[in-house]
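Structure data (mmCIF, C-alpha atoms) from entry_37.cif:
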data_coords
#
loop_
_atom_site.label_atom_id
_atom_site.label_comp_id
_atom_site.auth_asym_id
_atom_site.auth_seq_id
_atom_site.Cartn_x
_atom_site.Cartn_y
_atom_site.Cartn_z
CA MET Z 1 14.91 -81.66 31.83
CA ARG Z 2 18.33 -81.02 30.29
CA THR Z 3 19.92 -77.59 30.70
CA PRO Z 4 21.62 -76.26 27.55
CA LEU Z 5 25.35 -75.88 27.95
CA TYR Z 6 25.43 -72.63 26.02
CA THR Z 7 22.78 -69.99 25.48
CA THR Z 8 23.62 -66.98 23.34
CA LYS Z 9 22.76 -63.67 24.92
CA TRP Z 10 21.65 -60.90 22.61
CA TYR Z 11 24.72 -58.81 23.35
CA ASP Z 12 27.33 -61.55 22.96
CA ILE Z 13 27.88 -61.17 19.21
CA PRO Z 14 27.88 -57.32 19.18
CA TRP Z 15 30.32 -57.37 22.08
CA ALA Z 16 32.52 -59.90 20.31
CA ALA Z 17 32.45 -57.76 17.15
CA LEU Z 18 33.59 -54.69 19.09
CA ILE Z 19 36.39 -56.67 20.73
CA THR Z 20 37.47 -58.18 17.41
CA PHE Z 21 37.41 -55.08 15.24
CA THR Z 22 38.40 -52.33 17.69
CA SER Z 23 41.07 -51.81 20.31
CA LEU Z 24 38.58 -50.69 22.98
CA PRO Z 25 39.26 -52.39 26.36
CA LEU Z 26 35.85 -54.08 26.39
CA ARG Z 27 37.28 -57.50 27.19
CA ARG Z 28 37.96 -56.29 30.72
CA LEU Z 29 34.26 -55.66 31.26
CA TYR Z 30 32.84 -58.83 29.75
CA ARG Z 31 34.14 -61.85 27.87
CA PRO Z 32 31.57 -63.34 25.48
CA PRO Z 33 31.73 -67.08 24.72
CA LEU Z 34 34.33 -68.09 22.16
CA THR Z 35 31.65 -69.18 19.70
CA SER Z 36 30.48 -65.56 19.48
CA TYR Z 37 33.71 -64.52 17.78
CA HIS Z 38 32.99 -66.81 14.84
CA ARG Z 39 29.90 -64.70 14.10
CA ALA Z 40 31.52 -61.30 14.71
CA ILE Z 41 31.79 -60.67 10.97
CA GLU Z 42 27.98 -60.47 10.83
CA LEU Z 43 28.13 -57.16 12.71
CA TRP Z 44 31.30 -55.75 11.18
CA PRO Z 45 29.41 -52.94 9.37
CA LEU Z 46 27.73 -52.02 12.65
CA VAL Z 47 31.18 -51.42 14.12
CA GLY Z 48 31.71 -49.20 11.08
CA TRP Z 49 28.87 -46.99 12.32
CA LEU Z 50 31.03 -46.20 15.34
CA THR Z 51 34.30 -45.63 13.52
CA GLY Z 52 32.68 -43.84 10.58
CA VAL Z 53 30.70 -41.41 12.74
CA ALA Z 54 33.77 -40.76 14.88
CA MET Z 55 35.82 -39.92 11.80
CA GLY Z 56 33.04 -37.77 10.34
CA ALA Z 57 32.53 -35.87 13.58
CA VAL Z 58 36.22 -35.00 13.83
CA ILE Z 59 36.22 -33.78 10.23
CA TYR Z 60 33.10 -31.64 10.62
CA PHE Z 61 33.75 -30.08 14.00
CA GLY Z 62 37.53 -30.04 13.69
CA SER Z 63 37.44 -28.12 10.40
CA ALA Z 64 35.61 -25.31 12.21
CA VAL Z 65 38.46 -24.67 14.63
CA MET Z 66 41.61 -25.76 12.77
CA PRO Z 67 42.98 -25.96 9.21
CA TYR Z 68 41.07 -28.47 7.12
CA PRO Z 69 44.05 -30.72 6.28
CA LEU Z 70 44.87 -31.01 9.98
CA ALA Z 71 41.26 -31.94 10.76
CA LEU Z 72 41.44 -34.70 8.14
CA MET Z 73 44.64 -36.10 9.60
CA LEU Z 74 43.20 -36.01 13.12
CA ALA Z 75 40.06 -37.80 11.88
CA PHE Z 76 42.20 -40.53 10.35
CA ALA Z 77 44.23 -40.75 13.56
CA ALA Z 78 41.02 -41.03 15.60
CA ARG Z 79 39.94 -44.07 13.60
CA LEU Z 80 43.38 -45.62 13.99
CA ALA Z 81 43.09 -45.16 17.74
CA ILE Z 82 39.68 -46.86 17.84
CA THR Z 83 40.62 -49.80 15.63
CA GLY Z 84 44.21 -50.15 16.80
CA ALA Z 85 45.24 -49.86 13.12
CA ARG Z 86 43.99 -53.42 12.64
CA HIS Z 87 42.97 -52.95 9.02
CA GLU Z 88 46.02 -50.89 8.10
CA ARG Z 89 48.21 -53.62 9.55
CA GLY Z 90 46.30 -56.12 7.43
CA LEU Z 91 46.92 -54.06 4.27
CA LEU Z 92 50.62 -53.84 5.13
CA ARG Z 93 50.93 -57.61 5.55
CA PHE Z 94 48.68 -58.50 2.63
CA ALA Z 95 50.59 -56.30 0.20
CA GLY Z 96 53.84 -57.79 1.43
CA SER Z 97 52.52 -61.35 1.14
CA LEU Z 98 51.84 -60.88 -2.58
CA LYS Z 99 55.58 -61.12 -3.22
CA THR Z 100 55.78 -64.62 -1.77
CA ALA Z 101 55.16 -67.76 -3.80
CA ALA Z 102 52.04 -68.83 -1.94
CA GLY Z 103 50.85 -65.41 -0.89
CA GLN Z 104 50.45 -66.50 2.71
CA ALA Z 105 53.21 -64.69 4.57
CA LYS Z 106 52.14 -63.51 7.99
CA GLY Z 107 53.43 -61.08 10.54
CA GLY Z 108 56.19 -59.46 8.49
CA THR Z 109 56.63 -56.14 6.77
CA SER Z 110 58.15 -55.36 3.42
CA LEU Z 111 58.94 -52.38 1.26
CA ALA Z 112 55.94 -53.21 -0.94
CA GLY Z 113 53.65 -53.23 2.09
CA VAL Z 114 54.96 -49.94 3.43
CA ALA Z 115 54.68 -48.30 -0.01
CA THR Z 116 51.12 -49.59 -0.43
CA LEU Z 117 50.06 -48.29 2.98
CA ALA Z 118 51.68 -44.90 2.32
CA ALA Z 119 49.96 -44.62 -1.06
CA TYR Z 120 46.60 -45.56 0.47
CA THR Z 121 46.92 -42.90 3.17
CA ALA Z 122 48.01 -40.20 0.72
CA ILE Z 123 45.19 -40.90 -1.73
CA LEU Z 124 42.59 -41.05 1.05
CA LEU Z 125 43.59 -37.69 2.51
CA ALA Z 126 43.92 -36.12 -0.95
CA ALA Z 127 40.44 -37.29 -1.98
CA LEU Z 128 38.80 -36.04 1.20
CA SER Z 129 40.60 -32.70 0.97
CA GLN Z 130 38.85 -32.02 -2.35
CA LEU Z 131 35.42 -32.24 -0.70
CA PRO Z 132 33.72 -29.58 1.42
CA PRO Z 133 33.92 -30.40 5.14
CA ALA Z 134 30.23 -31.32 5.45
CA THR Z 135 30.38 -33.62 2.42
CA ALA Z 136 33.64 -35.19 3.57
CA ALA Z 137 32.20 -35.82 7.04
CA LEU Z 138 29.07 -37.49 5.69
CA THR Z 139 31.05 -39.50 3.17
CA ALA Z 140 33.37 -40.79 5.91
CA SER Z 141 30.37 -41.69 8.06
CA VAL Z 142 28.71 -43.83 5.38
CA ALA Z 143 31.81 -45.16 3.59
CA ASP Z 144 33.07 -47.07 6.61
CA PRO Z 145 30.03 -49.35 7.17
CA PHE Z 146 29.42 -49.69 3.42
CA ALA Z 147 32.99 -50.81 2.76
CA LYS Z 148 32.88 -53.26 5.66
CA MET Z 149 29.66 -54.73 4.27
CA VAL Z 150 31.23 -55.21 0.83
CA ALA Z 151 34.52 -56.59 2.16
CA GLY Z 152 32.65 -58.97 4.45
CA GLN Z 153 31.39 -60.80 1.36
CA LEU Z 154 34.77 -62.55 1.21
CA THR Z 155 33.65 -64.79 4.06
CA MET Z 156 30.70 -65.91 1.94
CA MET Z 157 32.77 -66.56 -1.18
CA MET Z 158 35.67 -68.61 0.17
CA PRO Z 159 36.89 -70.47 3.29
CA HIS Z 160 39.49 -69.29 5.76
CA THR Z 161 43.08 -70.05 4.74
CA ASP Z 162 43.51 -72.16 7.90
CA GLY Z 163 40.11 -73.85 7.66
CA GLU Z 164 38.22 -74.43 10.88
CA ASN Z 165 41.46 -74.54 12.89
CA ALA Z 166 42.02 -70.77 12.72
CA ALA Z 167 42.10 -69.22 16.17
CA GLY Z 168 43.32 -66.29 18.20
CA GLY Z 169 43.01 -62.90 16.55
CA ASP Z 170 42.28 -64.47 13.15
CA PRO Z 171 39.17 -66.61 13.63
CA ALA Z 172 37.45 -68.58 10.90
CA TYR Z 173 34.13 -66.78 10.71
CA ARG Z 174 30.96 -68.75 10.25
CA ARG Z 175 29.67 -68.31 6.72
CA PRO Z 176 26.71 -65.92 7.02
CA GLY Z 177 23.35 -67.39 6.06
CA ILE Z 178 20.48 -65.62 4.36
CA ALA Z 179 19.36 -63.77 7.49
CA ALA Z 180 22.90 -62.74 8.42
CA GLY Z 181 23.58 -61.67 4.82
CA ALA Z 182 20.46 -59.52 4.84
CA GLY Z 183 21.61 -58.03 8.13
CA LEU Z 184 24.98 -57.18 6.60
CA ALA Z 185 23.23 -55.43 3.71
CA VAL Z 186 21.02 -53.39 6.02
CA GLN Z 187 23.93 -52.33 8.22
CA GLY Z 188 26.00 -51.23 5.24
CA LEU Z 189 23.33 -49.67 3.04
CA LEU Z 190 21.11 -47.94 5.59
CA PRO Z 191 23.52 -45.06 6.41
CA PHE Z 192 24.27 -44.66 2.69
CA ALA Z 193 20.57 -44.54 1.77
CA VAL Z 194 19.76 -42.04 4.53
CA CYS Z 195 22.62 -39.79 3.44
CA VAL Z 196 21.63 -39.87 -0.23
CA CYS Z 197 17.88 -39.45 0.31
CA LEU Z 198 17.92 -36.81 3.02
CA THR Z 199 21.01 -34.71 2.37
CA HIS Z 200 21.91 -35.25 -1.32
CA ARG Z 201 25.50 -34.70 -0.22
CA ILE Z 202 26.87 -37.58 -2.33
CA PRO Z 203 26.55 -36.62 -6.02
CA ASP Z 204 26.34 -39.41 -8.60
CA TRP Z 205 25.94 -41.97 -5.82
CA GLN Z 206 25.61 -44.74 -8.41
CA TYR Z 207 29.34 -44.46 -9.12
CA ALA Z 208 30.06 -44.48 -5.39
CA ILE Z 209 28.46 -47.94 -5.25
CA PHE Z 210 29.65 -49.26 -8.61
CA ALA Z 211 33.37 -48.42 -8.21
CA PRO Z 212 33.80 -50.21 -4.84
CA CYS Z 213 32.05 -53.31 -6.17
CA ILE Z 214 34.43 -53.47 -9.15
CA VAL Z 215 37.41 -53.14 -6.80
CA MET Z 216 35.94 -55.83 -4.55
CA TYR Z 217 35.56 -58.27 -7.45
CA ALA Z 218 39.16 -57.70 -8.53
CA LEU Z 219 40.34 -58.30 -4.96
CA TYR Z 220 38.24 -61.44 -4.72
CA LEU Z 221 39.97 -62.86 -7.79
CA LEU Z 222 43.38 -61.87 -6.41
CA VAL Z 223 42.79 -63.37 -2.97
CA LEU Z 224 41.31 -66.54 -4.44
CA HIS Z 225 44.26 -66.99 -6.79
CA ARG Z 226 47.00 -66.17 -4.29
CA GLN Z 227 45.66 -67.48 -0.97
CA ARG Z 228 42.75 -69.80 -1.82
CA GLY Z 229 40.92 -68.26 1.10
CA TYR Z 230 40.55 -65.19 3.29
CA ASN Z 231 42.25 -64.26 6.54
CA ALA Z 232 42.27 -61.22 8.79
CA ASP Z 233 44.88 -59.48 6.63
CA SER Z 234 42.99 -59.90 3.36
CA LEU Z 235 39.75 -58.76 5.01
CA GLY Z 236 41.44 -55.61 6.29
CA ALA Z 237 43.05 -54.93 2.93
CA ALA Z 238 39.74 -55.45 1.12
CA PHE Z 239 37.95 -53.05 3.45
CA LEU Z 240 40.51 -50.28 2.93
CA ALA Z 241 40.62 -50.75 -0.84
CA VAL Z 242 36.83 -50.71 -1.16
CA GLU Z 243 36.54 -47.66 1.07
CA LEU Z 244 39.24 -45.82 -0.89
CA ALA Z 245 37.43 -46.57 -4.16
CA LEU Z 246 34.29 -44.98 -2.72
CA TYR Z 247 36.19 -41.86 -1.64
CA VAL Z 248 37.80 -41.49 -5.05
CA ALA Z 249 34.46 -41.98 -6.84
CA VAL Z 250 32.79 -39.32 -4.69
CA CYS Z 251 35.72 -36.96 -5.18
CA CYS Z 252 35.71 -37.39 -8.97
CA SER Z 253 31.94 -36.90 -9.23
CA ALA Z 254 32.04 -33.79 -7.04
CA THR Z 255 34.80 -32.00 -8.96
#

Written as structure tokens, that's how I'd like the structure from this file.
Amino acid sequence: MRTPLYTTKWYDIPWAALITFTSLPLRRLYRPPLTSYHRAIELWPLVGWLTGVAMGAVIYFGSAVMPYPLALMLAFAARLAITGARHERGLLRFAGSLKTAAGQAKGGTSLAGVATLAAYTAILLAALSQLPPATAALTASVADPFAKMVAGQLTMMMPHTDGENAAGGDPAYRRPGIAAGAGLAVQGLLPFAVCVCLTHRIPDWQYAIFAPCIVMYALYLLVLHRQRGYNADSLGAAFLAVELALYVAVCCSAT
């Protein structure tokens, strides 16, 4: 009887997703097989449950003991600490790469990237500041996994810019199948549905879904035209843009 060389444990892919999309020192505790990292994108929205709830908790409880704007900034800082600013770094590089001929510059910064990141942060904090603390906390909790679900569609629509040879911190994710795609949808939509049905804290929720999808389609066309494929930077930029569109839609419908 032949013994399989590799058997996936149920916790390998979730652990790989946490290692890939956060800065938590989980690699010291356990190192999943390398093949698990190519499926980490399938649980990206689940990681958003962690970062979204953390951000929402800081907003809700922090606003009770400190000025609201300070609570919002601390909530944003808390997410940066958990993720290691991975997505913000991706937005910085992606915006800078748009000025190159091929749109594939990596690792550098530019004035355009810095300005884009500054504008994103300012709009995010301004939009949340227009919402009551409870609404802002719930919106942050559901926006994170929803935006990760939407941005994760890039891996279904196009290949990695480096093909199957991508490695390191920018793996070429396996294209999710039907089951994995359904799992992505559940992870991203479940918190949103629970929030809308049970709390009614997100007014005109249709716009909160429609606006991010329009932004995602525009980004898809941009990435396809400029890079002919996704990479870690474009995924991070797509996530932040989609999330910001949701915040702005909620803010506009609530005011």

Could you list, with a cut-off of 7 Å and counting only C-alpha atoms, the residues of range 35-139 of chain Z near range 7-23 of chain Z, each shown with its nearest atom pair and the distance in Å rounded to one decimal, rows sorted by chain and ascending number, as a tab-separated table?
residue	atom	partner	partner_atom	distance
Z:Ser36	CA	Z:Ile13	CA	5.1
Z:Tyr37	CA	Z:Ala16	CA	5.4
Z:Arg39	CA	Z:Ile13	CA	6.5
Z:Ala40	CA	Z:Ala17	CA	4.4
Z:Ile41	CA	Z:Ala17	CA	6.9
Z:Leu43	CA	Z:Ala17	CA	6.2
Z:Trp44	CA	Z:Ala17	CA	6.4
Z:Val47	CA	Z:Leu18	CA	6.4
Z:Ile82	CA	Z:Thr22	CA	5.6
Z:Thr83	CA	Z:Thr22	CA	3.9
Z:Gly84	CA	Z:Ser23	CA	5.0

Using C-alpha atoms, can you export the residues from the last selection as an mmCIF file, keeping the file's coordinate frame?
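Heads up, here's the output in part_10.cif:
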data_model
loop_
_atom_site.group_PDB
_atom_site.id
_atom_site.type_symbol
_atom_site.label_atom_id
_atom_site.label_comp_id
_atom_site.auth_asym_id
_atom_site.auth_seq_id
_atom_site.Cartn_x
_atom_site.Cartn_y
_atom_site.Cartn_z
ATOM 1 C CA SER Z 36 30.480 -65.560 19.480
ATOM 2 C CA TYR Z 37 33.710 -64.520 17.780
ATOM 3 C CA ARG Z 39 29.900 -64.700 14.100
ATOM 4 C CA ALA Z 40 31.520 -61.300 14.710
ATOM 5 C CA ILE Z 41 31.790 -60.670 10.970
ATOM 6 C CA LEU Z 43 28.130 -57.160 12.710
ATOM 7 C CA TRP Z 44 31.300 -55.750 11.180
ATOM 8 C CA VAL Z 47 31.180 -51.420 14.120
ATOM 9 C CA ILE Z 82 39.680 -46.860 17.840
ATOM 10 C CA THR Z 83 40.620 -49.800 15.630
ATOM 11 C CA GLY Z 84 44.210 -50.150 16.800
#

Need to verify the contact set: Leu117 in chain Z, 8 Å, all atoms listed in the file, exclusion of same-chain residues closer than 5 positions in sequence. Can you return it as a short mmCIF file (atom, residue, chain, number, x, y, z; two decimals) with C-alpha atoms, keeping the file's coordinate frame?
data_model
loop_
_atom_site.label_atom_id
_atom_site.label_comp_id
_atom_site.auth_asym_id
_atom_site.auth_seq_id
_atom_site.Cartn_x
_atom_site.Cartn_y
_atom_site.Cartn_z
CA GLU Z 88 46.02 -50.89 8.10
CA LEU Z 91 46.92 -54.06 4.27
CA LEU Z 92 50.62 -53.84 5.13
#

Which is closest to Thr116 in chain Z among Z:Ala95, Z:Leu50, Z:Ala71, Z:Leu131, if we use only C-alpha atoms? Z:Ala95

List as number ranges by chain the residues having at least one atom at most 12 Å from position (37.0, -35.2, 8.9) as given in the file, counting only C-alpha atoms. Z: 51-64, 66-79, 124-125, 127-141

For a quick check of understanding, using all atoms listed in the file, which of Z:Leu80, Z:Cys251, Z:Leu224, Z:Ala232 has the smallest distance to Met158 in chain Z?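 Among the listed residues, the smallest separation from Met158 in chain Z belongs to Z:Leu224.
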
Could you tell me how far CA of Asn231 in chain Z lies from CA of Tyr173 in chain Z, in Å and to one decimal?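 Separation between CA of Asn231 in chain Z and CA of Tyr173 in chain Z: 9.5 Å.
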
Please write the residues picked by the PyMOL selection byres ((chain Z and resi 215) around 12) on this file as number ranges by chain. Z: 147, 150-151, 208-214, 216-222, 237-246, 248-249

Got time to write the residues from that selection, C-alpha atoms, as a PDB file, in the coordinates of the input?
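What follows is the written file out.pdb:
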ATOM      1  CA  ALA Z 147      32.990 -50.810   2.760  1.00  0.00           C
ATOM      2  CA  VAL Z 150      31.230 -55.210   0.830  1.00  0.00           C
ATOM      3  CA  ALA Z 151      34.520 -56.590   2.160  1.00  0.00           C
ATOM      4  CA  ALA Z 208      30.060 -44.480  -5.390  1.00  0.00           C
ATOM      5  CA  ILE Z 209      28.460 -47.940  -5.250  1.00  0.00           C
ATOM      6  CA  PHE Z 210      29.650 -49.260  -8.610  1.00  0.00           C
ATOM      7  CA  ALA Z 211      33.370 -48.420  -8.210  1.00  0.00           C
ATOM      8  CA  PRO Z 212      33.800 -50.210  -4.840  1.00  0.00           C
ATOM      9  CA  CYS Z 213      32.050 -53.310  -6.170  1.00  0.00           C
ATOM     10  CA  ILE Z 214      34.430 -53.470  -9.150  1.00  0.00           C
ATOM     11  CA  MET Z 216      35.940 -55.830  -4.550  1.00  0.00           C
ATOM     12  CA  TYR Z 217      35.560 -58.270  -7.450  1.00  0.00           C
ATOM     13  CA  ALA Z 218      39.160 -57.700  -8.530  1.00  0.00           C
ATOM     14  CA  LEU Z 219      40.340 -58.300  -4.960  1.00  0.00           C
ATOM     15  CA  TYR Z 220      38.240 -61.440  -4.720  1.00  0.00           C
ATOM     16  CA  LEU Z 221      39.970 -62.860  -7.790  1.00  0.00           C
ATOM     17  CA  LEU Z 222      43.380 -61.870  -6.410  1.00  0.00           C
ATOM     18  CA  ALA Z 237      43.050 -54.930   2.930  1.00  0.00           C
ATOM     19  CA  ALA Z 238      39.740 -55.450   1.120  1.00  0.00           C
ATOM     20  CA  PHE Z 239      37.950 -53.050   3.450  1.00  0.00           C
ATOM     21  CA  LEU Z 240      40.510 -50.280   2.930  1.00  0.00           C
ATOM     22  CA  ALA Z 241      40.620 -50.750  -0.840  1.00  0.00           C
ATOM     23  CA  VAL Z 242      36.830 -50.710  -1.160  1.00  0.00           C
ATOM     24  CA  GLU Z 243      36.540 -47.660   1.070  1.00  0.00           C
ATOM     25  CA  LEU Z 244      39.240 -45.820  -0.890  1.00  0.00           C
ATOM     26  CA  ALA Z 245      37.430 -46.570  -4.160  1.00  0.00           C
ATOM     27  CA  LEU Z 246      34.290 -44.980  -2.720  1.00  0.00           C
ATOM     28  CA  VAL Z 248      37.800 -41.490  -5.050  1.00  0.00           C
ATOM     29  CA  ALA Z 249      34.460 -41.980  -6.840  1.00  0.00           C
TER      30      ALA Z 249
END

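Interatomic distance, CA of Gly113 in chain Z against CA of Gln227 in chain Z: 16.6 Å.
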
Apply the PyMOL selection byres ((chain Z and resi 179-185) around 7) to the displayed file and report the matching residues as a count of residues only. 11

Kindly give the distance, in Å, that separates CA of Arg226 in chain Z and CA of Tyr120 in chain Z, rounded to a single decimal.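 Calculated distance between CA of Arg226 in chain Z and CA of Tyr120 in chain Z is 21.2 Å.
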
Would you please work out which residue, of Z:Ala119, Z:Ala172, Z:Met156, Z:Ala143, is nearest to His38 in chain Z when using all atoms listed in the file? Z:Ala172

Need the axis-aligned box for range 154-161 of chain Z with 8 Å each side, so what are the centre and edges in Å to one decimal, as JSON?
{"center_x": 36.9, "center_y": -66.5, "center_z": 2.3, "size_x": 28.4, "size_y": 23.9, "size_z": 22.9}

Compare Z:Val223, Z:Val114, Z:Leu26, Z:Cys197 by their minimum atom-to-atom distance to His160 in chain Z, counting only C-alpha atoms, and give me the closest one.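 Closest to His160 in chain Z, using only C-alpha atoms: Z:Val223.
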
Measuring atom to atom with only C-alpha atoms, identify which of Z:Gly236, Z:Gly229, Z:Pro145, Z:Pro159 is nearest to Ala193 in chain Z.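 Among Z:Gly236, Z:Gly229, Z:Pro145, Z:Pro159, it is Z:Pro145 that comes nearest to Ala193 in chain Z.
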